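Take a look at the structure below.
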Amino acid sequence: MTQKYNGQIGATWSQLGNPDLTWESIVQNNIGTDIRAFDNRLTINIDYFNNKTKNLLALVTLPALTGVDRQYLNIGDVKNKGWEFNVNYAFIKTKDVTWDLGFNVSTYQNEVLSTRNNAIQYLNSNGAAIPGYDVTSFYMRKWMGVNPDNGAGLWEVVNADGSKSLTSDYNKASLQVVGNATPDYYGSFSTNLTIKNFYMNANVYFSQGGQIYNFYRSFFDSDGAYPYYNQMVLQNGWNRWEKPGDIATHPVALYDNNNLTNNTSSRYLEDASFVKLRSIRLGYNFPKSLIEKLNVNTASIFIMGENLFTITKFSGVDPEVGHQIVELHIPVLREEFILFLEDFL
């Protein structure tokens, strides 16, 4: 990879090679049914999958002191299962007017079955593959809010005997699984309407559950750690500690704050659920009698909007946009989808 240092061109490794790397192998178990009724106006597809991926391939973060901070590894075995349901119904089906409405919803669950030596496999600074947990698990310190007496941030400590306590010292807090990025379910609504040569298509996408790590808040919601950055306006329901006794969501703000309250923790994990009007198109197809004179098969004019609005509790710009840390190839139903795990830098 080409780099520049002190005005000179040089080259560095982009990732460390791995001579022991092997292909993933997938055992797929799928069952489904297709139903058509009412003169093909109604179509229903129901599928269930329960698959196992062996030698899952992932780009893993290495300690930077090695000089090369990334390497592809076979991190272990993963089981994934879920349902997919699709239904489409043509409400109107005439020569001049057609209108259909579609709906689909999918559920997805996964579990890490094993890792190399059954140890915690760190994927990056925020994620880890751990047997028995979701492959998208967030592995970090658990934020426990604000001390009402002095406004200091609090994190959880898991003691050797399993008991738990609180600390205001970030470095003493325990690393643990605090959530994951996998939604409970996701899907979409779509509709297609044509009236003679005019048409309209629209798609609404939704996702429920799962979390996203809002990395940018560590800069723009930093309690004064970055005093030269503009700080975000506190959301509804958020409040800043100001005096003893305050029950607050945000610690005391200090100029050039060095209490590490903006360091990686579940404080910046947010609900990734959303509903989005992904696209809508209004158009007109020119009559064949007109375009055939121009030796053209089809021609149309349209206006289109994408991502026109999003309903979400996420405090960032878009819950679908995050820092991608690892790319996993997960088999789902009849085809292989690529699942991009969001977040964590």
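Starting from 1 in every chain, residues are counted up; chains themselves are A, B, ... following the order of the structure tokens, and ligands are numbered from 1 as listed.
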
Taking the chain letters and numbering used in this document, name the residues of region 260-327 of chain A that DSSP puts in strand (DSSP E), as an MDAnalysis selection string. chainID A and resid 269:271 274:285 300:312 324:327

With only C-alpha atoms counted and 12 Å as the cut-off, give the residues of region 84-203 of chain A in contact with region 299-316 of chain A, each with its shortest interatomic distance in Å and the pair that gives it, as a tab-separated table.
```
residue	atom	partner	partner_atom	distance
A:Asn197	CA	A:Ser300	CA	9.2
A:Phe198	CA	A:Phe302	CA	9.5
A:Tyr199	CA	A:Phe302	CA	9.0
A:Met200	CA	A:Phe302	CA	9.3
A:Asn201	CA	A:Met304	CA	9.3
A:Ala202	CA	A:Gly305	CA	9.5
A:Asn203	CA	A:Glu306	CA	9.5
```

Please return as a PDB file with all heavy atoms, in the first residue's frame: the residues of region 35-233 of chain A that backbone DSSP assigns to helix (DSSP H, G or I).
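Saved to part-v8.pdb:
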```
ATOM      1  N   ALA A  64      -1.114  -2.717  17.108  1.00  0.00           N
ATOM      2  CA  ALA A  64      -0.420  -1.834  16.170  1.00  0.00           C
ATOM      3  C   ALA A  64       1.094  -1.893  16.325  1.00  0.00           C
ATOM      4  O   ALA A  64       1.833  -1.598  15.380  1.00  0.00           O
ATOM      5  CB  ALA A  64      -0.906  -0.402  16.366  1.00  0.00           C
ATOM      6  N   LEU A  65       1.581  -2.307  17.492  1.00  0.00           N
ATOM      7  CA  LEU A  65       3.029  -2.338  17.714  1.00  0.00           C
ATOM      8  C   LEU A  65       3.722  -3.378  16.838  1.00  0.00           C
ATOM      9  O   LEU A  65       4.950  -3.376  16.692  1.00  0.00           O
ATOM     10  CB  LEU A  65       3.351  -2.570  19.189  1.00  0.00           C
ATOM     11  CG  LEU A  65       2.789  -3.825  19.882  1.00  0.00           C
ATOM     12  CD1 LEU A  65       3.674  -5.031  19.654  1.00  0.00           C
ATOM     13  CD2 LEU A  65       2.627  -3.560  21.379  1.00  0.00           C
ATOM     14  N   THR A  66       2.940  -4.294  16.237  1.00  0.00           N
ATOM     15  CA  THR A  66       3.539  -5.279  15.335  1.00  0.00           C
ATOM     16  C   THR A  66       3.926  -4.660  14.006  1.00  0.00           C
ATOM     17  O   THR A  66       4.656  -5.259  13.230  1.00  0.00           O
ATOM     18  CB  THR A  66       2.566  -6.439  15.076  1.00  0.00           C
ATOM     19  OG1 THR A  66       1.391  -5.935  14.409  1.00  0.00           O
ATOM     20  CG2 THR A  66       2.156  -7.101  16.374  1.00  0.00           C
ATOM     21  N   ARG A 116     -10.780 -20.352  17.876  1.00  0.00           N
ATOM     22  CA  ARG A 116      -9.460 -20.982  17.992  1.00  0.00           C
ATOM     23  C   ARG A 116      -9.116 -21.165  19.466  1.00  0.00           C
ATOM     24  O   ARG A 116      -9.100 -20.199  20.234  1.00  0.00           O
ATOM     25  CB  ARG A 116      -8.402 -20.122  17.298  1.00  0.00           C
ATOM     26  CG  ARG A 116      -8.615 -19.969  15.795  1.00  0.00           C
ATOM     27  CD  ARG A 116      -7.528 -19.132  15.168  1.00  0.00           C
ATOM     28  NE  ARG A 116      -7.433 -17.833  15.818  1.00  0.00           N
ATOM     29  CZ  ARG A 116      -6.370 -17.040  15.755  1.00  0.00           C
ATOM     30  NH1 ARG A 116      -5.295 -17.423  15.106  1.00  0.00           N
ATOM     31  NH2 ARG A 116      -6.373 -15.864  16.349  1.00  0.00           N
ATOM     32  N   ASN A 117      -8.896 -22.402  19.858  1.00  0.00           N
ATOM     33  CA  ASN A 117      -8.593 -22.767  21.247  1.00  0.00           C
ATOM     34  C   ASN A 117      -9.734 -22.392  22.202  1.00  0.00           C
ATOM     35  O   ASN A 117      -9.534 -22.334  23.423  1.00  0.00           O
ATOM     36  CB  ASN A 117      -7.297 -22.103  21.723  1.00  0.00           C
ATOM     37  CG  ASN A 117      -6.102 -22.507  20.886  1.00  0.00           C
ATOM     38  OD1 ASN A 117      -5.977 -23.664  20.492  1.00  0.00           O
ATOM     39  ND2 ASN A 117      -5.232 -21.552  20.592  1.00  0.00           N
ATOM     40  N   ASN A 118     -10.931 -22.149  21.630  1.00  0.00           N
ATOM     41  CA  ASN A 118     -12.100 -21.739  22.421  1.00  0.00           C
ATOM     42  C   ASN A 118     -11.820 -20.514  23.283  1.00  0.00           C
ATOM     43  O   ASN A 118     -12.396 -20.353  24.362  1.00  0.00           O
ATOM     44  CB  ASN A 118     -12.606 -22.890  23.279  1.00  0.00           C
ATOM     45  CG  ASN A 118     -13.456 -23.868  22.483  1.00  0.00           C
ATOM     46  OD1 ASN A 118     -14.195 -23.470  21.589  1.00  0.00           O
ATOM     47  ND2 ASN A 118     -13.347 -25.137  22.805  1.00  0.00           N
ATOM     48  N   TYR A 170     -11.929   4.261  34.753  1.00  0.00           N
ATOM     49  CA  TYR A 170     -12.182   3.533  33.501  1.00  0.00           C
ATOM     50  C   TYR A 170     -11.294   2.304  33.382  1.00  0.00           C
ATOM     51  O   TYR A 170     -11.742   1.241  32.928  1.00  0.00           O
ATOM     52  CB  TYR A 170     -11.940   4.478  32.318  1.00  0.00           C
ATOM     53  CG  TYR A 170     -12.100   3.850  30.955  1.00  0.00           C
ATOM     54  CD1 TYR A 170     -13.362   3.749  30.358  1.00  0.00           C
ATOM     55  CD2 TYR A 170     -10.999   3.358  30.255  1.00  0.00           C
ATOM     56  CE1 TYR A 170     -13.515   3.179  29.101  1.00  0.00           C
ATOM     57  CE2 TYR A 170     -11.144   2.786  29.001  1.00  0.00           C
ATOM     58  CZ  TYR A 170     -12.404   2.699  28.433  1.00  0.00           C
ATOM     59  OH  TYR A 170     -12.547   2.120  27.191  1.00  0.00           O
ATOM     60  N   ASN A 171     -10.055   2.400  33.759  1.00  0.00           N
ATOM     61  CA  ASN A 171      -9.096   1.311  33.582  1.00  0.00           C
ATOM     62  C   ASN A 171      -9.360   0.118  34.504  1.00  0.00           C
ATOM     63  O   ASN A 171      -8.830  -0.963  34.279  1.00  0.00           O
ATOM     64  CB  ASN A 171      -7.665   1.825  33.794  1.00  0.00           C
ATOM     65  CG  ASN A 171      -7.249   2.816  32.729  1.00  0.00           C
ATOM     66  OD1 ASN A 171      -7.387   2.545  31.544  1.00  0.00           O
ATOM     67  ND2 ASN A 171      -6.768   3.979  33.151  1.00  0.00           N
ATOM     68  N   LYS A 172     -10.179   0.312  35.544  1.00  0.00           N
ATOM     69  CA  LYS A 172     -10.513  -0.796  36.442  1.00  0.00           C
ATOM     70  C   LYS A 172     -11.801  -1.512  36.035  1.00  0.00           C
ATOM     71  O   LYS A 172     -12.132  -2.556  36.597  1.00  0.00           O
ATOM     72  CB  LYS A 172     -10.637  -0.283  37.881  1.00  0.00           C
ATOM     73  CG  LYS A 172      -9.322   0.196  38.488  1.00  0.00           C
ATOM     74  CD  LYS A 172      -9.521   0.663  39.917  1.00  0.00           C
ATOM     75  CE  LYS A 172      -8.207   1.131  40.533  1.00  0.00           C
ATOM     76  NZ  LYS A 172      -8.391   1.613  41.928  1.00  0.00           N
ATOM     77  N   ARG A 217     -19.927  10.184  18.650  1.00  0.00           N
ATOM     78  CA  ARG A 217     -20.247  10.818  19.918  1.00  0.00           C
ATOM     79  C   ARG A 217     -19.029  10.929  20.829  1.00  0.00           C
ATOM     80  O   ARG A 217     -18.989  11.797  21.708  1.00  0.00           O
ATOM     81  CB  ARG A 217     -21.362  10.050  20.628  1.00  0.00           C
ATOM     82  CG  ARG A 217     -22.753  10.362  20.109  1.00  0.00           C
ATOM     83  CD  ARG A 217     -23.821   9.622  20.895  1.00  0.00           C
ATOM     84  NE  ARG A 217     -23.746   9.908  22.320  1.00  0.00           N
ATOM     85  CZ  ARG A 217     -24.333   9.172  23.256  1.00  0.00           C
ATOM     86  NH1 ARG A 217     -25.033   8.089  22.903  1.00  0.00           N
ATOM     87  NH2 ARG A 217     -24.228   9.485  24.523  1.00  0.00           N
ATOM     88  N   SER A 218     -18.026  10.065  20.644  1.00  0.00           N
ATOM     89  CA  SER A 218     -16.826  10.163  21.469  1.00  0.00           C
ATOM     90  C   SER A 218     -16.074  11.463  21.203  1.00  0.00           C
ATOM     91  O   SER A 218     -15.253  11.891  22.021  1.00  0.00           O
ATOM     92  CB  SER A 218     -15.909   8.961  21.237  1.00  0.00           C
ATOM     93  OG  SER A 218     -15.422   8.932  19.911  1.00  0.00           O
ATOM     94  N   PHE A 219     -16.357  12.107  20.083  1.00  0.00           N
ATOM     95  CA  PHE A 219     -15.771  13.410  19.772  1.00  0.00           C
ATOM     96  C   PHE A 219     -16.737  14.551  20.072  1.00  0.00           C
ATOM     97  O   PHE A 219     -16.352  15.573  20.640  1.00  0.00           O
ATOM     98  CB  PHE A 219     -15.371  13.477  18.292  1.00  0.00           C
ATOM     99  CG  PHE A 219     -14.268  12.538  17.921  1.00  0.00           C
ATOM    100  CD1 PHE A 219     -14.557  11.307  17.337  1.00  0.00           C
ATOM    101  CD2 PHE A 219     -12.943  12.859  18.151  1.00  0.00           C
ATOM    102  CE1 PHE A 219     -13.548  10.429  16.991  1.00  0.00           C
ATOM    103  CE2 PHE A 219     -11.923  11.982  17.808  1.00  0.00           C
ATOM    104  CZ  PHE A 219     -12.227  10.761  17.227  1.00  0.00           C
ATOM    105  N   PHE A 220     -18.014  14.367  19.685  1.00  0.00           N
ATOM    106  CA  PHE A 220     -18.969  15.467  19.748  1.00  0.00           C
ATOM    107  C   PHE A 220     -19.871  15.408  20.973  1.00  0.00           C
ATOM    108  O   PHE A 220     -20.722  16.270  21.152  1.00  0.00           O
ATOM    109  CB  PHE A 220     -19.817  15.483  18.473  1.00  0.00           C
ATOM    110  CG  PHE A 220     -18.985  15.525  17.218  1.00  0.00           C
ATOM    111  CD1 PHE A 220     -19.165  14.595  16.215  1.00  0.00           C
ATOM    112  CD2 PHE A 220     -18.014  16.502  17.051  1.00  0.00           C
ATOM    113  CE1 PHE A 220     -18.392  14.630  15.071  1.00  0.00           C
ATOM    114  CE2 PHE A 220     -17.236  16.546  15.906  1.00  0.00           C
ATOM    115  CZ  PHE A 220     -17.428  15.613  14.917  1.00  0.00           C
TER     116      PHE A 220
END
```

Taking a cut-off of 12 Å and counting only C-alpha atoms, can you build a table that, for each residue of region 71-163 of chain A near region 258-277 of chain A, reports the nearest atom pair and how far apart they are in Å (one decimal), sorted by chain then residue number, as CSV?
```
residue,atom,partner,partner_atom,distance
A:Asn124,CA,A:Thr264,CA,11.8
A:Ser125,CA,A:Thr264,CA,8.3
A:Asn126,CA,A:Thr264,CA,7.5
A:Gly127,CA,A:Thr264,CA,11.1
A:Ser137,CA,A:Leu269,CA,11.6
A:Phe138,CA,A:Ser266,CA,8.3
A:Tyr139,CA,A:Ser265,CA,8.7
A:Met140,CA,A:Ser265,CA,5.4
A:Arg141,CA,A:Ser265,CA,4.7
A:Lys142,CA,A:Ser266,CA,5.2
A:Trp143,CA,A:Arg267,CA,5.2
A:Met144,CA,A:Arg267,CA,8.0
A:Gly145,CA,A:Arg267,CA,8.0
A:Val146,CA,A:Thr261,CA,9.9
A:Gly151,CA,A:Thr261,CA,10.9
A:Ala152,CA,A:Asn259,CA,8.1
A:Gly153,CA,A:Thr261,CA,6.0
A:Leu154,CA,A:Thr261,CA,8.4
A:Trp155,CA,A:Ser265,CA,8.5
A:Glu156,CA,A:Ser265,CA,10.3
```

Resulting file, chosen residues, N, CA and C atoms, as an mmCIF file, in the first residue's frame:
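result_4.cif, written as the output of this step:
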```
data_model
loop_
_atom_site.group_PDB
_atom_site.id
_atom_site.type_symbol
_atom_site.label_atom_id
_atom_site.label_comp_id
_atom_site.auth_asym_id
_atom_site.auth_seq_id
_atom_site.Cartn_x
_atom_site.Cartn_y
_atom_site.Cartn_z
ATOM 1 N N ASN A 124 -11.785 -6.477 16.814
ATOM 2 C CA ASN A 124 -11.262 -5.115 16.787
ATOM 3 C C ASN A 124 -11.394 -4.556 18.190
ATOM 4 N N SER A 125 -11.271 -3.245 18.329
ATOM 5 C CA SER A 125 -11.296 -2.664 19.669
ATOM 6 C C SER A 125 -12.656 -2.791 20.347
ATOM 7 N N ASN A 126 -13.709 -3.060 19.575
ATOM 8 C CA ASN A 126 -15.053 -3.092 20.154
ATOM 9 C C ASN A 126 -15.760 -4.426 20.045
ATOM 10 N N GLY A 127 -15.262 -5.362 19.267
ATOM 11 C CA GLY A 127 -15.973 -6.605 19.026
ATOM 12 C C GLY A 127 -15.120 -7.830 19.293
ATOM 13 N N SER A 137 -21.221 -9.508 18.619
ATOM 14 C CA SER A 137 -21.233 -8.997 19.991
ATOM 15 C C SER A 137 -20.296 -7.815 20.185
ATOM 16 N N PHE A 138 -20.756 -6.850 20.980
ATOM 17 C CA PHE A 138 -19.919 -5.734 21.402
ATOM 18 C C PHE A 138 -19.230 -6.134 22.708
ATOM 19 N N TYR A 139 -17.907 -6.036 22.710
ATOM 20 C CA TYR A 139 -17.109 -6.453 23.865
ATOM 21 C C TYR A 139 -16.361 -5.230 24.374
ATOM 22 N N MET A 140 -16.855 -4.661 25.475
ATOM 23 C CA MET A 140 -16.292 -3.405 25.966
ATOM 24 C C MET A 140 -16.701 -3.198 27.418
ATOM 25 N N ARG A 141 -16.340 -2.074 27.964
ATOM 26 C CA ARG A 141 -16.725 -1.749 29.327
ATOM 27 C C ARG A 141 -18.194 -1.327 29.366
ATOM 28 N N LYS A 142 -18.866 -1.686 30.472
ATOM 29 C CA LYS A 142 -20.289 -1.403 30.593
ATOM 30 C C LYS A 142 -20.511 -0.095 31.341
ATOM 31 N N TRP A 143 -21.132 0.843 30.663
ATOM 32 C CA TRP A 143 -21.427 2.153 31.245
ATOM 33 C C TRP A 143 -22.594 2.043 32.207
ATOM 34 N N MET A 144 -22.430 2.613 33.415
ATOM 35 C CA MET A 144 -23.462 2.492 34.444
ATOM 36 C C MET A 144 -24.018 3.847 34.865
ATOM 37 N N GLY A 145 -23.757 4.865 34.073
ATOM 38 C CA GLY A 145 -24.363 6.159 34.341
ATOM 39 C C GLY A 145 -23.450 7.122 35.080
ATOM 40 N N VAL A 146 -24.059 8.005 35.853
ATOM 41 C CA VAL A 146 -23.342 9.119 36.478
ATOM 42 C C VAL A 146 -23.529 9.084 37.995
ATOM 43 N N GLY A 151 -20.832 13.783 39.900
ATOM 44 C CA GLY A 151 -20.912 13.913 38.443
ATOM 45 C C GLY A 151 -19.925 13.067 37.670
ATOM 46 N N ALA A 152 -19.224 12.154 38.346
ATOM 47 C CA ALA A 152 -18.243 11.302 37.662
ATOM 48 C C ALA A 152 -18.959 10.166 36.924
ATOM 49 N N GLY A 153 -18.351 9.710 35.842
ATOM 50 C CA GLY A 153 -18.884 8.570 35.127
ATOM 51 C C GLY A 153 -18.647 7.280 35.892
ATOM 52 N N LEU A 154 -19.543 6.306 35.686
ATOM 53 C CA LEU A 154 -19.443 5.028 36.383
ATOM 54 C C LEU A 154 -19.436 3.875 35.380
ATOM 55 N N TRP A 155 -18.620 2.858 35.675
ATOM 56 C CA TRP A 155 -18.582 1.640 34.868
ATOM 57 C C TRP A 155 -18.705 0.434 35.800
ATOM 58 N N GLU A 156 -19.007 -0.707 35.212
ATOM 59 C CA GLU A 156 -19.220 -1.920 36.006
ATOM 60 C C GLU A 156 -17.936 -2.726 36.136
#
```

So which residues touch Tyr229 (chain A) within 12 Å, counting only C-alpha atoms, skipping near sequence neighbours fewer than 2 positions away, as a PyMOL selection string? chain A and resi 216-227+231-232+255-256

Output N, CA and C atoms of each residue in that selection to a file, as an mmCIF file, in the first residue's frame.
```cif
data_model
loop_
_atom_site.group_PDB
_atom_site.id
_atom_site.type_symbol
_atom_site.label_atom_id
_atom_site.label_comp_id
_atom_site.auth_asym_id
_atom_site.auth_seq_id
_atom_site.Cartn_x
_atom_site.Cartn_y
_atom_site.Cartn_z
ATOM 1 N N TYR A 216 -18.958 8.639 16.599
ATOM 2 C CA TYR A 216 -18.759 10.088 16.518
ATOM 3 C C TYR A 216 -19.096 10.797 17.822
ATOM 4 N N ARG A 217 -19.927 10.184 18.650
ATOM 5 C CA ARG A 217 -20.247 10.818 19.918
ATOM 6 C C ARG A 217 -19.029 10.929 20.829
ATOM 7 N N SER A 218 -18.026 10.065 20.644
ATOM 8 C CA SER A 218 -16.826 10.163 21.469
ATOM 9 C C SER A 218 -16.074 11.463 21.203
ATOM 10 N N PHE A 219 -16.357 12.107 20.083
ATOM 11 C CA PHE A 219 -15.771 13.410 19.772
ATOM 12 C C PHE A 219 -16.737 14.551 20.072
ATOM 13 N N PHE A 220 -18.014 14.367 19.685
ATOM 14 C CA PHE A 220 -18.969 15.467 19.748
ATOM 15 C C PHE A 220 -19.871 15.408 20.973
ATOM 16 N N ASP A 221 -19.690 14.412 21.815
ATOM 17 C CA ASP A 221 -20.416 14.284 23.084
ATOM 18 C C ASP A 221 -19.409 13.792 24.111
ATOM 19 N N SER A 222 -18.336 14.570 24.275
ATOM 20 C CA SER A 222 -17.133 14.089 24.958
ATOM 21 C C SER A 222 -16.934 14.665 26.352
ATOM 22 N N ASP A 223 -17.892 15.408 26.891
ATOM 23 C CA ASP A 223 -17.806 15.974 28.252
ATOM 24 C C ASP A 223 -16.632 16.931 28.405
ATOM 25 N N GLY A 224 -16.195 17.520 27.293
ATOM 26 C CA GLY A 224 -15.103 18.487 27.341
ATOM 27 C C GLY A 224 -13.745 17.918 26.994
ATOM 28 N N ALA A 225 -13.658 16.629 26.664
ATOM 29 C CA ALA A 225 -12.363 16.042 26.315
ATOM 30 C C ALA A 225 -11.816 16.637 25.021
ATOM 31 N N TYR A 226 -12.708 17.068 24.132
ATOM 32 C CA TYR A 226 -12.298 17.722 22.884
ATOM 33 C C TYR A 226 -12.937 19.112 22.844
ATOM 34 N N PRO A 227 -12.373 20.060 23.573
ATOM 35 C CA PRO A 227 -13.007 21.376 23.704
ATOM 36 C C PRO A 227 -13.039 22.181 22.413
ATOM 37 N N GLN A 231 -19.842 20.596 20.104
ATOM 38 C CA GLN A 231 -20.497 19.546 20.874
ATOM 39 C C GLN A 231 -21.969 19.439 20.472
ATOM 40 N N MET A 232 -22.455 18.210 20.358
ATOM 41 C CA MET A 232 -23.819 17.979 19.913
ATOM 42 C C MET A 232 -24.822 18.452 20.964
ATOM 43 N N TYR A 255 -13.347 21.316 31.085
ATOM 44 C CA TYR A 255 -12.484 21.710 29.970
ATOM 45 C C TYR A 255 -11.276 20.778 29.891
ATOM 46 N N ASP A 256 -11.020 20.250 28.703
ATOM 47 C CA ASP A 256 -9.902 19.330 28.489
ATOM 48 C C ASP A 256 -10.010 18.114 29.415
#
```

Ser114 (chain A) environment, 9 Å, only C-alpha atoms, sequence neighbours closer than 3 positions dropped, as a list in words: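 Once the nearby chain positions are removed, what remains is Ile75, Gly76, Asp77, Val78, Asn117, Asn118, Ala119, Ala129, Ile130, Pro131 and Gly132 of chain A.
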
Between A:Thr53, A:Ser25, A:Ser106, A:Asn18, which residue has the minimum interatomic distance to Gln71 (chain A), considering only C-alpha atoms?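 The shortest atom-to-atom distance to Gln71 (chain A) comes from A:Asn18.
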
Between CA of Tyr205 (chain A) and CA of Lys81 (chain A), what is the spacing in Å? 21.4 Å

Interatomic distance (Å, one decimal) between CA of Leu101 (chain A) and CA of Thr43 (chain A):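 A separation of 10.8 Å between them.
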
Shell of 8 Å around Asn88 (chain A), only C-alpha atoms, local chain residues under 3 positions omitted, as number ranges by chain: A: 41-44, 100-103

File of the preceding selection, N, CA, C and O atoms, as a CSV table (one decimal), in the first residue's frame:
```
chain,number,residue,atom,x,y,z
A,41,ARG,N,-53.1,-14.0,-8.0
A,41,ARG,CA,-53.0,-12.7,-7.4
A,41,ARG,C,-52.3,-12.7,-6.1
A,41,ARG,O,-51.6,-11.7,-5.7
A,42,LEU,N,-52.3,-13.8,-5.3
A,42,LEU,CA,-51.7,-13.9,-4.0
A,42,LEU,C,-50.5,-14.9,-4.2
A,42,LEU,O,-50.7,-16.0,-4.6
A,43,THR,N,-49.3,-14.5,-3.7
A,43,THR,CA,-48.2,-15.4,-3.7
A,43,THR,C,-47.6,-15.2,-2.3
A,43,THR,O,-47.4,-14.2,-1.7
A,44,ILE,N,-47.3,-16.4,-1.7
A,44,ILE,CA,-46.7,-16.5,-0.3
A,44,ILE,C,-45.5,-17.4,-0.4
A,44,ILE,O,-45.5,-18.5,-0.9
A,100,ASP,N,-50.3,-3.6,-6.8
A,100,ASP,CA,-50.0,-4.7,-5.9
A,100,ASP,C,-49.2,-4.2,-4.7
A,100,ASP,O,-48.6,-3.1,-4.7
A,101,LEU,N,-49.3,-5.0,-3.6
A,101,LEU,CA,-48.7,-4.6,-2.4
A,101,LEU,C,-47.9,-5.8,-1.9
A,101,LEU,O,-48.4,-6.9,-1.9
A,102,GLY,N,-46.6,-5.6,-1.5
A,102,GLY,CA,-45.8,-6.6,-1.0
A,102,GLY,C,-45.3,-6.4,0.4
A,102,GLY,O,-45.1,-5.2,0.8
A,103,PHE,N,-45.0,-7.5,1.1
A,103,PHE,CA,-44.5,-7.4,2.4
A,103,PHE,C,-43.5,-8.5,2.7
A,103,PHE,O,-43.8,-9.7,2.3
```

Quick one: residues within 12 Å of Asn297 (chain A), only C-alpha atoms counted, chain neighbours fewer than 6 positions away excluded, as a list in words? Asn285, Phe286, Pro287, Lys288, Ser289, Leu290 and Ile291 of chain A

Identify which of the residues A:Ser279, A:Asn192, A:Asn147, A:Asn180 lies closest to Glu242 (chain A), counting only C-alpha atoms when measuring atom-to-atom distances. A:Asn147
